[in-house]
$ cat input.pdb   # PDB, C-alpha atoms (C1' of nucleotides)
ATOM      1  CA  MET P 275      -7.971   2.833  -1.570  1.00  0.00           C
ATOM      2  CA  LEU P 276      -6.104   2.066  -4.686  1.00  0.00           C
ATOM      3  CA  LYS P 277      -7.909   2.373  -7.894  1.00  0.00           C
ATOM      4  CA  PRO P 278      -5.837   1.139 -10.781  1.00  0.00           C
ATOM      5  CA  CYS P 279      -7.499   2.757 -13.729  1.00  0.00           C
ATOM      6  CA  PRO P 280      -9.413   0.342 -15.902  1.00  0.00           C
ATOM      7  CA  SER P 281      -8.622   2.364 -18.975  1.00  0.00           C
ATOM      8  CA  SER P 282      -4.938   2.264 -18.344  1.00  0.00           C
ATOM      9  CA  PRO P 283      -3.427   0.515 -21.314  1.00  0.00           C
ATOM     10  CA  ARG P 284      -4.500   3.465 -23.379  1.00  0.00           C
ATOM     11  CA  ARG P 285      -3.102   5.962 -20.956  1.00  0.00           C
ATOM     12  CA  LEU P 286       0.301   4.450 -21.100  1.00  0.00           C
ATOM     13  CA  ALA P 287       0.847   4.944 -24.722  1.00  0.00           C
ATOM     14  CA  ALA P 288       0.234   8.609 -24.213  1.00  0.00           C
ATOM     15  CA  GLY P 289       1.890  10.049 -21.157  1.00  0.00           C
ATOM     16  CA  THR P 290       4.802   8.295 -19.600  1.00  0.00           C
ATOM     17  CA  ALA P 291       6.718  10.868 -17.714  1.00  0.00           C
ATOM     18  CA  GLN P 292       9.563   8.977 -16.183  1.00  0.00           C
ATOM     19  CA  SER P 293       9.638  10.289 -12.677  1.00  0.00           C
ATOM     20  CA  SER P 294      12.406   8.100 -11.377  1.00  0.00           C
ATOM     21  CA  LYS P 295      14.812  11.034 -11.284  1.00  0.00           C
ATOM     22  CA  ILE P 296      13.167  12.283  -8.163  1.00  0.00           C
ATOM     23  CA  THR P 297      13.919   9.175  -6.212  1.00  0.00           C
ATOM     24  CA  ALA P 298      15.652  10.739  -3.281  1.00  0.00           C
ATOM     25  CA  LEU P 299      15.735   7.762  -1.022  1.00  0.00           C
ATOM     26  CA  VAL P 300      15.705   7.976   2.696  1.00  0.00           C
ATOM     27  CA  GLY P 301      15.323   5.683   5.649  1.00  0.00           C
ATOM     28  CA  TRP P 302      13.972   2.231   5.097  1.00  0.00           C
ATOM     29  CA  GLU P 303      13.614   2.782   1.406  1.00  0.00           C
ATOM     30  CA  SER P 304      17.290   3.349   0.852  1.00  0.00           C
ATOM     31  CA  ARG P 305      18.325   0.625   3.235  1.00  0.00           C
ATOM     32  CA  SER P 306      16.290  -1.940   1.397  1.00  0.00           C
ATOM     33  CA  ALA P 307      17.814  -0.725  -1.821  1.00  0.00           C
ATOM     34  CA  ALA P 308      21.304  -1.246  -0.499  1.00  0.00           C
ATOM     35  CA  GLY P 309      23.504  -4.040  -1.768  1.00  0.00           C
ATOM     36  CA  PRO P 310      23.033  -7.592  -0.560  1.00  0.00           C
ATOM     37  CA  GLU P 311      26.314  -7.469   1.329  1.00  0.00           C
ATOM     38  CA  SER P 312      25.476  -4.391   3.356  1.00  0.00           C
ATOM     39  CA  MET P 313      23.926  -4.239   6.800  1.00  0.00           C
ATOM     40  CA  GLY P 314      20.373  -3.452   7.661  1.00  0.00           C
ATOM     41  CA  PRO P 315      17.175  -4.707   6.147  1.00  0.00           C
ATOM     42  CA  PRO P 316      17.615  -7.116   3.286  1.00  0.00           C
ATOM     43  CA  VAL P 317      17.056  -6.335  -0.337  1.00  0.00           C
ATOM     44  CA  CYS P 318      13.414  -6.237  -1.279  1.00  0.00           C
ATOM     45  CA  SER P 319      12.654  -7.367  -4.771  1.00  0.00           C
ATOM     46  CA  ARG P 320       9.098  -8.470  -4.179  1.00  0.00           C
ATOM     47  CA  TRP P 321       6.016  -6.499  -3.280  1.00  0.00           C
ATOM     48  CA  LEU P 322       2.596  -6.598  -1.755  1.00  0.00           C
ATOM     49  CA  MET P 323      -0.023  -4.220  -3.070  1.00  0.00           C
ATOM     50  CA  LYS P 324      -3.386  -3.594  -1.495  1.00  0.00           C
ATOM     51  CA  SER P 325      -6.635  -2.928  -3.257  1.00  0.00           C
ATOM     52  CA  GLU P 326     -10.283  -3.172  -2.327  1.00  0.00           C
ATOM     53  CA  PRO P 327     -12.298  -5.926  -4.022  1.00  0.00           C
ATOM     54  CA  GLU P 328     -15.645  -4.761  -2.659  1.00  0.00           C
ATOM     55  CA  SER P 329     -17.620  -1.717  -3.668  1.00  0.00           C
ATOM     56  CA  ARG P 330     -17.061   1.387  -1.620  1.00  0.00           C
ATOM     57  CA  LEU P 331     -17.897   4.926  -2.521  1.00  0.00           C
ATOM     58  CA  LYS P 332     -15.289   7.606  -2.190  1.00  0.00           C
ATOM     59  CA  ASN P 333     -16.585  11.033  -3.136  1.00  0.00           C
ATOM     60  CA  GLY P 334     -19.406   9.274  -4.892  1.00  0.00           C
ATOM     61  CA  VAL P 335     -17.084   7.103  -6.963  1.00  0.00           C
ATOM     62  CA  ASP P 336     -16.745   3.357  -6.523  1.00  0.00           C
ATOM     63  CA  VAL P 337     -13.166   2.462  -5.675  1.00  0.00           C
ATOM     64  CA  LYS P 338     -13.671  -1.292  -6.063  1.00  0.00           C
ATOM     65  CA  PHE P 339     -10.769  -2.960  -7.789  1.00  0.00           C
ATOM     66  CA  GLY P 340     -10.177  -6.624  -7.022  1.00  0.00           C
ATOM     67  CA  ILE P 341      -7.915  -9.101  -8.724  1.00  0.00           C
ATOM     68  CA  GLU P 342     -10.772 -10.141 -11.003  1.00  0.00           C
ATOM     69  CA  ASP P 343     -10.947  -6.571 -12.216  1.00  0.00           C
ATOM     70  CA  LEU P 344      -7.264  -6.609 -13.117  1.00  0.00           C
ATOM     71  CA  LYS P 345      -7.725  -9.931 -14.880  1.00  0.00           C
ATOM     72  CA  ALA P 346     -10.560  -8.476 -16.915  1.00  0.00           C
ATOM     73  CA  LEU P 347      -8.525  -5.598 -18.359  1.00  0.00           C
ATOM     74  CA  PRO P 348      -7.072  -5.761 -21.858  1.00  0.00           C
ATOM     75  CA  ASP P 349      -3.850  -7.737 -21.697  1.00  0.00           C
ATOM     76  CA  GLN P 350      -4.714  -8.329 -18.020  1.00  0.00           C
ATOM     77  CA  THR P 351      -2.658  -5.232 -17.418  1.00  0.00           C
ATOM     78  CA  GLY P 352      -3.498  -2.091 -15.510  1.00  0.00           C
ATOM     79  CA  CYS P 353      -2.039   1.074 -14.110  1.00  0.00           C
ATOM     80  CA  TRP P 354      -1.650   0.987 -10.355  1.00  0.00           C
ATOM     81  CA  ASP P 355      -2.575   4.563  -9.681  1.00  0.00           C
ATOM     82  CA  GLY P 356      -4.074   6.496  -6.827  1.00  0.00           C
ATOM     83  CA  VAL P 357      -1.252   5.890  -4.363  1.00  0.00           C
ATOM     84  CA  ARG P 358      -1.160   8.976  -2.138  1.00  0.00           C
ATOM     85  CA  SER P 359       1.287   8.189   0.594  1.00  0.00           C
ATOM     86  CA  TYR P 360       4.930   9.146   0.290  1.00  0.00           C
ATOM     87  CA  GLN P 361       6.167   5.897   1.732  1.00  0.00           C
ATOM     88  CA  ALA P 362       4.077   3.867  -0.653  1.00  0.00           C
ATOM     89  CA  ARG P 363       5.076   6.122  -3.523  1.00  0.00           C
ATOM     90  CA  ASN P 364       8.745   5.643  -2.787  1.00  0.00           C
ATOM     91  CA  PHE P 365       8.273   1.904  -2.987  1.00  0.00           C
ATOM     92  CA  ILE P 366       6.408   2.316  -6.267  1.00  0.00           C
ATOM     93  CA  ARG P 367       9.447   4.179  -7.579  1.00  0.00           C
ATOM     94  CA  GLN P 368      11.756   1.350  -6.570  1.00  0.00           C
ATOM     95  CA  MET P 369       9.900  -1.267  -8.540  1.00  0.00           C
ATOM     96  CA  LYS P 370      11.650  -2.888 -11.465  1.00  0.00           C
ATOM     97  CA  ALA P 371      10.051  -4.462 -14.497  1.00  0.00           C
ATOM     98  CA  GLY P 372       9.738  -8.191 -14.047  1.00  0.00           C
ATOM     99  CA  GLN P 373       9.403  -8.120 -10.277  1.00  0.00           C
ATOM    100  CA  LEU P 374       6.500  -9.948  -8.710  1.00  0.00           C
ATOM    101  CA  ALA P 375       3.880  -8.618  -6.335  1.00  0.00           C
ATOM    102  CA  PHE P 376       1.089 -10.135  -4.331  1.00  0.00           C
ATOM    103  CA  PHE P 377      -2.359  -8.749  -5.016  1.00  0.00           C
ATOM    104  CA  TYR P 378      -3.807  -8.200  -1.563  1.00  0.00           C
ATOM    105  CA  HIS P 379      -7.509  -7.724  -0.942  1.00  0.00           C
ATOM    106  CA  SER P 380      -8.123  -5.190   1.793  1.00  0.00           C
ATOM    107  CA  ASN P 381     -11.073  -3.622   3.549  1.00  0.00           C
ATOM    108  CA  CYS P 382     -13.322  -6.560   2.746  1.00  0.00           C
ATOM    109  CA  LYS P 383     -15.068  -9.606   4.188  1.00  0.00           C
ATOM    110  CA  GLU P 384     -11.971 -11.729   3.997  1.00  0.00           C
ATOM    111  CA  PRO P 385      -8.744  -9.798   3.668  1.00  0.00           C
ATOM    112  CA  GLY P 386      -5.721 -11.608   2.291  1.00  0.00           C
ATOM    113  CA  ILE P 387      -3.653 -12.511  -0.753  1.00  0.00           C
ATOM    114  CA  ALA P 388      -5.563 -13.487  -3.856  1.00  0.00           C
ATOM    115  CA  GLY P 389      -2.940 -13.725  -6.554  1.00  0.00           C
ATOM    116  CA  ILE P 390       0.302 -12.690  -8.133  1.00  0.00           C
ATOM    117  CA  MET P 391       1.096  -9.940 -10.604  1.00  0.00           C
ATOM    118  CA  GLU P 392       4.165  -8.674 -12.350  1.00  0.00           C
ATOM    119  CA  VAL P 393       5.510  -5.168 -12.708  1.00  0.00           C
ATOM    120  CA  VAL P 394       5.552  -4.504 -16.445  1.00  0.00           C
ATOM    121  CA  LYS P 395       6.233  -0.789 -16.522  1.00  0.00           C
ATOM    122  CA  GLU P 396       8.333   1.089 -14.037  1.00  0.00           C
ATOM    123  CA  ALA P 397       7.287   4.264 -12.276  1.00  0.00           C
ATOM    124  CA  TYR P 398       5.870   7.182 -14.224  1.00  0.00           C
ATOM    125  CA  GLY P 399       3.710  10.143 -13.308  1.00  0.00           C
ATOM    126  CA  ASP P 400       0.338   8.968 -12.040  1.00  0.00           C
ATOM    127  CA  PRO P 401      -2.142  10.480 -14.520  1.00  0.00           C
ATOM    128  CA  THR P 402      -4.941  10.663 -11.950  1.00  0.00           C
ATOM    129  CA  GLN P 403      -3.177  13.386  -9.984  1.00  0.00           C
ATOM    130  CA  PHE P 404      -3.873  15.795 -12.860  1.00  0.00           C
ATOM    131  CA  ASP P 405      -7.428  14.694 -13.527  1.00  0.00           C
ATOM    132  CA  ARG P 406      -9.867  17.054 -11.841  1.00  0.00           C
ATOM    133  CA  LYS P 407     -12.595  14.486 -12.088  1.00  0.00           C
ATOM    134  CA  ASP P 408     -10.608  11.757 -10.438  1.00  0.00           C
ATOM    135  CA  VAL P 409     -11.100  10.829  -6.798  1.00  0.00           C
ATOM    136  CA  ASN P 410      -7.378  11.137  -6.306  1.00  0.00           C
ATOM    137  CA  TYR P 411      -6.914  14.436  -8.087  1.00  0.00           C
ATOM    138  CA  ASP P 412      -4.166  16.487  -6.441  1.00  0.00           C
ATOM    139  CA  ALA P 413      -4.369  20.184  -7.165  1.00  0.00           C
ATOM    140  CA  SER P 414      -0.964  20.736  -5.608  1.00  0.00           C
ATOM    141  CA  SER P 415       0.889  18.536  -8.067  1.00  0.00           C
ATOM    142  CA  ARG P 416       2.637  20.216 -10.972  1.00  0.00           C
ATOM    143  CA  ALA P 417       2.980  18.725 -14.423  1.00  0.00           C
ATOM    144  CA  ASP P 418       6.703  19.474 -14.580  1.00  0.00           C
ATOM    145  CA  GLU P 419       7.266  17.695 -11.273  1.00  0.00           C
ATOM    146  CA  PRO P 420       4.591  15.096 -10.629  1.00  0.00           C
ATOM    147  CA  LYS P 421       4.173  14.327  -6.977  1.00  0.00           C
ATOM    148  CA  TRP P 422       2.762  10.854  -7.402  1.00  0.00           C
ATOM    149  CA  SER P 423       3.858   7.833  -9.345  1.00  0.00           C
ATOM    150  CA  ALA P 424       2.213   4.761 -10.765  1.00  0.00           C
ATOM    151  CA  VAL P 425       3.433   1.492 -12.245  1.00  0.00           C
ATOM    152  CA  ASP P 426       1.780  -0.912 -14.631  1.00  0.00           C
ATOM    153  CA  VAL P 427       1.113  -4.412 -13.425  1.00  0.00           C
ATOM    154  CA  ARG P 428       0.059  -7.534 -15.258  1.00  0.00           C
ATOM    155  CA  PHE P 429      -1.972 -10.343 -13.770  1.00  0.00           C
ATOM    156  CA  ARG P 430       0.104 -13.514 -13.531  1.00  0.00           C
ATOM    157  CA  ARG P 431      -2.055 -15.998 -11.723  1.00  0.00           C
ATOM    158  CA  MET P 432      -4.349 -16.574  -8.802  1.00  0.00           C
ATOM    159  CA  THR P 433      -2.741 -18.215  -5.821  1.00  0.00           C
ATOM    160  CA  ARG P 434      -3.803 -21.869  -5.710  1.00  0.00           C
ATOM    161  CA  ARG P 435      -5.836 -20.939  -2.694  1.00  0.00           C
ATOM    162  CA  PHE P 436      -6.727 -17.663  -1.063  1.00  0.00           C
ATOM    163  CA  LEU P 437      -4.238 -16.823   1.680  1.00  0.00           C
ATOM    164  CA  PRO P 438      -6.178 -15.120   4.454  1.00  0.00           C
ATOM    165  CA  LEU P 439      -4.685 -12.364   6.553  1.00  0.00           C
ATOM    166  CA  SER P 440      -5.550 -14.349   9.679  1.00  0.00           C
ATOM    167  CA  GLU P 441      -3.343 -17.203   8.566  1.00  0.00           C
ATOM    168  CA  LEU P 442      -0.475 -14.897   7.651  1.00  0.00           C
ATOM    169  CA  LYS P 443      -0.824 -13.269  11.032  1.00  0.00           C
ATOM    170  CA  ARG P 444      -0.572 -16.594  12.852  1.00  0.00           C
ATOM    171  CA  HIS P 445       2.704 -17.252  11.098  1.00  0.00           C
ATOM    172  CA  HIS P 446       3.892 -13.742  11.801  1.00  0.00           C
ATOM    173  CA  LEU P 447       3.212 -14.123  15.530  1.00  0.00           C
ATOM    174  CA  GLN P 448       4.829 -17.523  15.631  1.00  0.00           C
ATOM    175  CA  HIS P 449       7.891 -16.313  13.750  1.00  0.00           C
ATOM    176  CA  ARG P 450       8.167 -13.386  16.078  1.00  0.00           C
ATOM    177  CA  ARG P 451       8.295 -15.749  19.025  1.00  0.00           C
ATOM    178  CA  ASP P 452      10.414 -18.503  17.542  1.00  0.00           C
ATOM    179  CA  GLY P 453      12.090 -16.861  14.599  1.00  0.00           C
ATOM    180  CA  GLY P 454      11.114 -17.304  10.989  1.00  0.00           C
ATOM    181  CA  PRO P 455      10.756 -15.487   7.704  1.00  0.00           C
ATOM    182  CA  LEU P 456       7.604 -13.520   8.570  1.00  0.00           C
ATOM    183  CA  LYS P 457       9.038 -12.082  11.773  1.00  0.00           C
ATOM    184  CA  ASP P 458       9.255  -8.527  10.446  1.00  0.00           C
ATOM    185  CA  VAL P 459       6.918  -8.647   7.481  1.00  0.00           C
ATOM    186  CA  ALA P 460       5.644  -5.178   6.630  1.00  0.00           C
ATOM    187  CA  LEU P 461       2.024  -6.289   6.495  1.00  0.00           C
ATOM    188  CA  PHE P 462       2.064  -6.431  10.294  1.00  0.00           C
ATOM    189  CA  THR P 463       4.865  -4.111  11.269  1.00  0.00           C
ATOM    190  CA  ARG P 464       3.809  -1.160   9.109  1.00  0.00           C
ATOM    191  CA  ALA P 465       0.111  -0.638   9.424  1.00  0.00           C
ATOM    192  CA  ARG P 466      -1.791   1.035   6.607  1.00  0.00           C
ATOM    193  CA  LEU P 467       1.029   0.960   4.111  1.00  0.00           C
ATOM    194  CA  SER P 468      -0.658   0.143   0.825  1.00  0.00           C
ATOM    195  CA  VAL P 469       2.451  -0.741  -1.151  1.00  0.00           C
ATOM    196  CA  GLN P 470       4.948  -2.814   0.760  1.00  0.00           C
ATOM    197  CA  PRO P 471       8.291  -4.432   0.135  1.00  0.00           C
ATOM    198  CA  LEU P 472       8.896  -8.131   0.685  1.00  0.00           C
ATOM    199  CA  THR P 473      12.183  -9.948   0.713  1.00  0.00           C
ATOM    200  CA  SER P 474      12.254 -13.004  -1.494  1.00  0.00           C
ATOM    201  CA  GLU P 475      12.406 -15.096   1.682  1.00  0.00           C
ATOM    202  CA  GLU P 476       9.165 -13.542   2.870  1.00  0.00           C
ATOM    203  CA  PHE P 477       7.607 -13.857  -0.549  1.00  0.00           C
ATOM    204  CA  ASP P 478       8.647 -17.483  -0.968  1.00  0.00           C
ATOM    205  CA  PHE P 479       7.458 -18.469   2.468  1.00  0.00           C
ATOM    206  CA  ILE P 480       4.060 -16.924   1.891  1.00  0.00           C
ATOM    207  CA  LEU P 481       3.843 -18.562  -1.499  1.00  0.00           C
ATOM    208  CA  SER P 482       4.711 -21.947  -0.006  1.00  0.00           C
ATOM    209  CA  LEU P 483       1.522 -21.731   2.027  1.00  0.00           C
ATOM    210  CA  GLU P 484      -0.653 -22.124  -1.033  1.00  0.00           C
ATOM    211  CA  ASP P 485       0.216 -25.808  -1.253  1.00  0.00           C
ATOM    212  CA  LYS P 486      -0.381 -26.442   2.419  1.00  0.00           C
ATOM    213  CA  GLU P 487      -3.679 -27.104   4.051  1.00  0.00           C
ATOM    214  CA  PRO P 488      -4.989 -24.114   5.950  1.00  0.00           C
ATOM    215  CA  GLN P 489      -4.651 -25.167   9.584  1.00  0.00           C
TER     216      GLN P 489
ATOM    217  C1'  DG W 239     -19.928   0.383  13.456  1.00  0.00           C
ATOM    218  C1'  DC W 240     -15.955   0.618  16.428  1.00  0.00           C
ATOM    219  C1'  DC W 241     -11.545   1.999  17.210  1.00  0.00           C
ATOM    220  C1'  DA W 242      -6.303   1.442  17.212  1.00  0.00           C
ATOM    221  C1'  DA W 243      -2.577   2.806  14.567  1.00  0.00           C
ATOM    222  C1'  DC W 244      -0.482   6.251  12.476  1.00  0.00           C
ATOM    223  C1'  DG W 245       0.242   9.949   8.951  1.00  0.00           C
ATOM    224  C1'  DT W 246      -0.741  14.913   8.258  1.00  0.00           C
ATOM    225  C1'  DT W 247      -1.773  19.556   9.551  1.00  0.00           C
ATOM    226  C1'  DG W 248      -1.253  23.738  11.720  1.00  0.00           C
ATOM    227  C1'  DG W 249      -0.825  26.651  15.915  1.00  0.00           C
ATOM    228  C1'  DC W 250       2.604  28.181  18.761  1.00  0.00           C
TER     229       DC W 250
ATOM    230  C1'  DG U 184      10.555  21.916  15.957  1.00  0.00           C
ATOM    231  C1'  DC U 185       6.982  20.273  19.131  1.00  0.00           C
ATOM    232  C1'  DC U 186       2.774  18.214  19.619  1.00  0.00           C
ATOM    233  C1'  DA U 187      -2.342  18.204  19.898  1.00  0.00           C
ATOM    234  C1'  DA U 188      -6.056  17.790  16.848  1.00  0.00           C
ATOM    235  C1'  DC U 189      -7.707  15.643  13.121  1.00  0.00           C
ATOM    236  C1'  DG U 190      -8.377  12.392   9.244  1.00  0.00           C
ATOM    237  C1'  DT U 191      -7.706   7.907   7.138  1.00  0.00           C
ATOM    238  C1'  DT U 192      -6.794   3.046   6.952  1.00  0.00           C
ATOM    239  C1'  DG U 193      -8.335  -1.213   7.607  1.00  0.00           C
ATOM    240  C1'  DG U 194      -8.973  -5.195  10.779  1.00  0.00           C
ATOM    241  C1'  DC U 195     -12.372  -6.879  13.687  1.00  0.00           C
TER     242       DC U 195
END
$ encode --input "input.pdb" --output "structure tokens"
Amino acid sequence: MLKPCPSSPRRLAAGTAQSSKITALVGWESRSAAGPESMGPPVCSRWLMKSEPESRLKNGVDVKFGIEDLKALPDQTGCWDGVRSYQARNFIRQMKAGQLAFFYHSNCKEPGIAGIMEVVKEAYGDPTQFDRKDVNYDASSRADEPKWSAVDVRFRRMTRRFLPLSELKRHHLQHRRDGGPLKDVALFTRARLSVQPLTSEEFDFILSLEDKEPQ
DNA sequence: GCCAACGTTGGC
DNA sequence: GCCAACGTTGGC
């Protein structure tokens, strides 16, 4: 689904239309951006981003991009482009440099969290929307008001073990019954969302699993 | 390959 | 603005 462009570091230097002006926030997005003292969903300063580690053709182009592919880029840094959902885009636009995100492998043999990356460049116009040859080209997007945004992310590290979706789901179900940090985690409450917010409680709990034996 | 979830589109 | 049809995501 997502196809961070392998050639990205070059792209950055060139076009970096800051599109953050357009961040008209509504609904969940604004609530999560509210101050720590306010009501509603807690502040989300962590993220989970999905990408497909196995080859799949979309319009004849392979969309494979796993964590190893990010690691292999110059500076282990890539542009997270190709996001074409408004909800996901709005989250992209909320990201701040320095924030951490899980790299999630989706649509594959074993879905789950493979590693951690860091946002190194905040939202700018996704170059692929203007590229006729790109799978995610969007003819309706105008250069003076880009519809879609991308961020740059840098590989930080692999998780000490792969954290399978099935295991996360067990915790989610248990926390839903008995209470716990993964009770409302977006991965299970918001199907198909490719860029998701995590509270630091959610993030830390998930991360704590890497040092525990898979049950 | 199946299909549930869910976002988008378009007729009215 | 409603909502049925349709397309996509993504786990299984």
$ resolve_selection --input "input.pdb" --expression "the PyMOL selection byres ((chain W) within 10 of (chain P))" --output "PyMOL selection string"
chain W and resi 243-245
$ resolve_selection --input "input.pdb" --expression "the PyMOL selection byres ((chain W and resi 248) around 10)" --output "number ranges by chain"
W: 246-247, 249-250; U: 187-188
$ residues_around --input "input.pdb" --residues "P:Gly340" --least-positions-apart "3" --cutoff "7 Å" --atoms "only C-alpha atoms (C1' of nucleotides)" --output "mmCIF file with C-alpha atoms, in the frame of the given file"
data_model
loop_
_atom_site.group_PDB
_atom_site.id
_atom_site.type_symbol
_atom_site.label_atom_id
_atom_site.label_comp_id
_atom_site.auth_asym_id
_atom_site.auth_seq_id
_atom_site.Cartn_x
_atom_site.Cartn_y
_atom_site.Cartn_z
ATOM 1 C CA SER P 325 -6.635 -2.928 -3.257
ATOM 2 C CA GLU P 326 -10.283 -3.172 -2.327
ATOM 3 C CA PRO P 327 -12.298 -5.926 -4.022
ATOM 4 C CA ASP P 343 -10.947 -6.571 -12.216
ATOM 5 C CA LEU P 344 -7.264 -6.609 -13.117
ATOM 6 C CA HIS P 379 -7.509 -7.724 -0.942
#
$ resolve_selection --input "input.pdb" --expression "the PyMOL selection byres ((chain P and resi 470-484) around 6)" --output "PyMOL selection string"
chain P and resi 318+320-322+434-435+455-456+469+485-486
$ axis_aligned_box --input "input.pdb" --around "stretch 376-395 of chain P" --padding-each-side "4 Å" --output "lines of an AutoDock Vina configuration file"
center_x = -4.4
center_y = -7.3
center_z = -6.2
size_x = 29.3
size_y = 20.9
size_z = 28.7
$ closest_residue --input "input.pdb" --among "P:Pro438, P:Gly372, P:Gly334, P:Gly356" --to "P:Glu384" --atoms "all atoms listed in the file"
P:Pro438
